[in-house]
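Before any comments, here is the structure.
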Amino acid sequence: MSRSVEGGTGETGKEPPSSNDQGVVPLVDERVDERSLILRAREGDEEAFLELVDLYRERIWRIAYRIVRDSEEADDVVQDAFARASLHLRRFDFRAGFYTWLVSITRNAAFDALRSARRRGRLRLGDEGFEQRPATREDDDPVRNAERAETARKVHEALGRLKERDRMLLVLREFEGMKYEEIAKVMGCAVGTVESGIHRARKKLKKLLGGERP
Amino acid sequence: MADEPASATDMNAPLHEIDRIERLVGLEADGELDEERRRELAALEARRPAEVERARRELRHLRRMMRADRVPPAPAGQRDRILRRVRAAQAEDRAERSLLPFVRLVTAAAAALLLLAAWPAVVGGRAVRADERSLLDRRGVEDELRALERDGGVDLVRFLERRLLGRGD
């Protein structure tokens, strides 16, 4: 298994998995024997569990952030997801990939967080919480930078206006590069449902970005 | 290409066909196209090349735009917070597990108490049913039904007419 996703920086002090030519990192660092880490973590080996945390934390963070669209809330989702994973690790039976299993836990934690935020009246819309992140490059001219920043704002807002289920489908497919079968496992539905869901979500997003024709 | 107008074939393609093309183009881009649908897309492309090309172009554009949505770096100290949360969750879980036998005992005792408390109502329920029966008896309904039965079966319509509308035979 070696899909590629966006790279990220770690804070573990360990050497991150090496990037390839496109600046992306392999989804699973094959230098690490994941199975033995899981088996050790199951027996209560905290170090082994932390190694699993180090392997997946960045990716789980990105998914959580893209679903809840708020740094503080996403940080809480990440903590919650790993806490749930540590409690239910004994139930993990290796039938699905560990990452797929972890993402399905993250999905539940993120959806719970959104429900709870709604109850607290902290419902976010797409444009809220948008931070001007480095969608710009220093070597570009200011006009192009401004255009990029504007596109980023529009996309952020449109993604935020999608239903959470549609957003999750797009995040898993477009940003995490997951296959439909894996997405179906994460979402707990049939592959056909994923197929229709992704098609529908893309149409909605296109409509929300209305007028943005190639 | 940016402001390319819709071609004649675009204008003519029915909506369901456009939707099908977009769906198949999406599957193609995701690497999820099986042989049957690959043939279907090829057939559609032969008939509606402009529409298929437009769908591909729009999907590429949508994907490029989506890439603009950046995620900020994870907040500092996240690993430590995860570790603290994991430890807290496990401690809570252990505490819950140690309480489990006690909780089961309390639940069983509460269930037994509820059953005991509800027993008079159960017995009383039988008494109420018996009371209802005697009330019906008093009103002669049962006698009437028996009489009808003797006469050759219960004619419900006749019975109701007699009881409710006061009509005789």
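So you can find residues: chains in the structure tokens are A, B, ... in the order shown, residues in each start at 1, and ligands are numbered from 1 in order.
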* To do: May I have the residues of chain B within 8 Å of chain A, counting only C-alpha atoms, written as a count of residues only?
  => 37
* Near stretch 90-94 of chain A, counting only C-alpha atoms, which residues have an atom at most 6 Å away, once you skip same-chain residues fewer than 2 positions from it, shown as a list in words? ->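 Returned residues: Arg42, His88 and Ala96 of chain A.
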Next, the residues of the selection above should be written as a PDB file, in the first residue's frame with N, CA and C atoms.
ATOM      1  N   ARG A  42      -1.898  -3.167  21.332  1.00  0.00           N
ATOM      2  CA  ARG A  42      -3.032  -3.905  21.889  1.00  0.00           C
ATOM      3  C   ARG A  42      -2.734  -4.455  23.271  1.00  0.00           C
ATOM      4  N   HIS A  88     -10.498   0.870  21.446  1.00  0.00           N
ATOM      5  CA  HIS A  88     -11.117  -0.186  20.633  1.00  0.00           C
ATOM      6  C   HIS A  88     -10.098  -0.985  19.816  1.00  0.00           C
ATOM      7  N   ALA A  96      -9.664  -4.745   7.457  1.00  0.00           N
ATOM      8  CA  ALA A  96      -9.457  -3.491   6.716  1.00  0.00           C
ATOM      9  C   ALA A  96      -8.063  -2.992   7.074  1.00  0.00           C
TER      10      ALA A  96
END
* To do: Between A:Asn145, A:Asn108, A:Thr100, A:Thr193, single out the one closest to A:Val68, counting only C-alpha atoms.
  => A:Asn108
* Asked: What is the atom CA of B:Ala13-atom CA of B:Leu59 distance in Å, reported with one decimal?
  -> 18.3 Å
* **From B:Ala55, B:Ala118, B:Val103, B:Ala88, residue lying nearest B:Ala29 [only C-alpha atoms]** =>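 The answer is B:Ala55, which sits nearest to B:Ala29.
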* **Two-atom distance - atom CA of A:Val103, atom CA of A:Val186 (Å)** => 6.4 Å
* Taking only C-alpha atoms into account, which of A:Leu55, A:Ala41, A:Ala201, A:Ile60 comes nearest A:Asp166? ->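 Under the stated criterion, the closest residue is A:Ala201.
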* Taking the DSSP assignment computed from this structure's backbone, write out as JSON, numbers by chain all residues of stretch 13-118 of chain A that belong to alpha helix (DSSP H). => {"A": [34, 35, 36, 37, 38, 39, 40, 41, 42, 46, 47, 48, 49, 50, 51, 52, 53, 54, 55, 56, 57, 58, 59, 60, 61, 62, 63, 64, 65, 66, 67, 68, 71, 72, 73, 74, 75, 76, 77, 78, 79, 80, 81, 82, 83, 84, 85, 86, 87, 88, 98, 99, 100, 101, 102, 103, 104, 105, 106, 107, 108, 109, 110, 111, 112, 113, 114, 115, 116, 117, 118]}
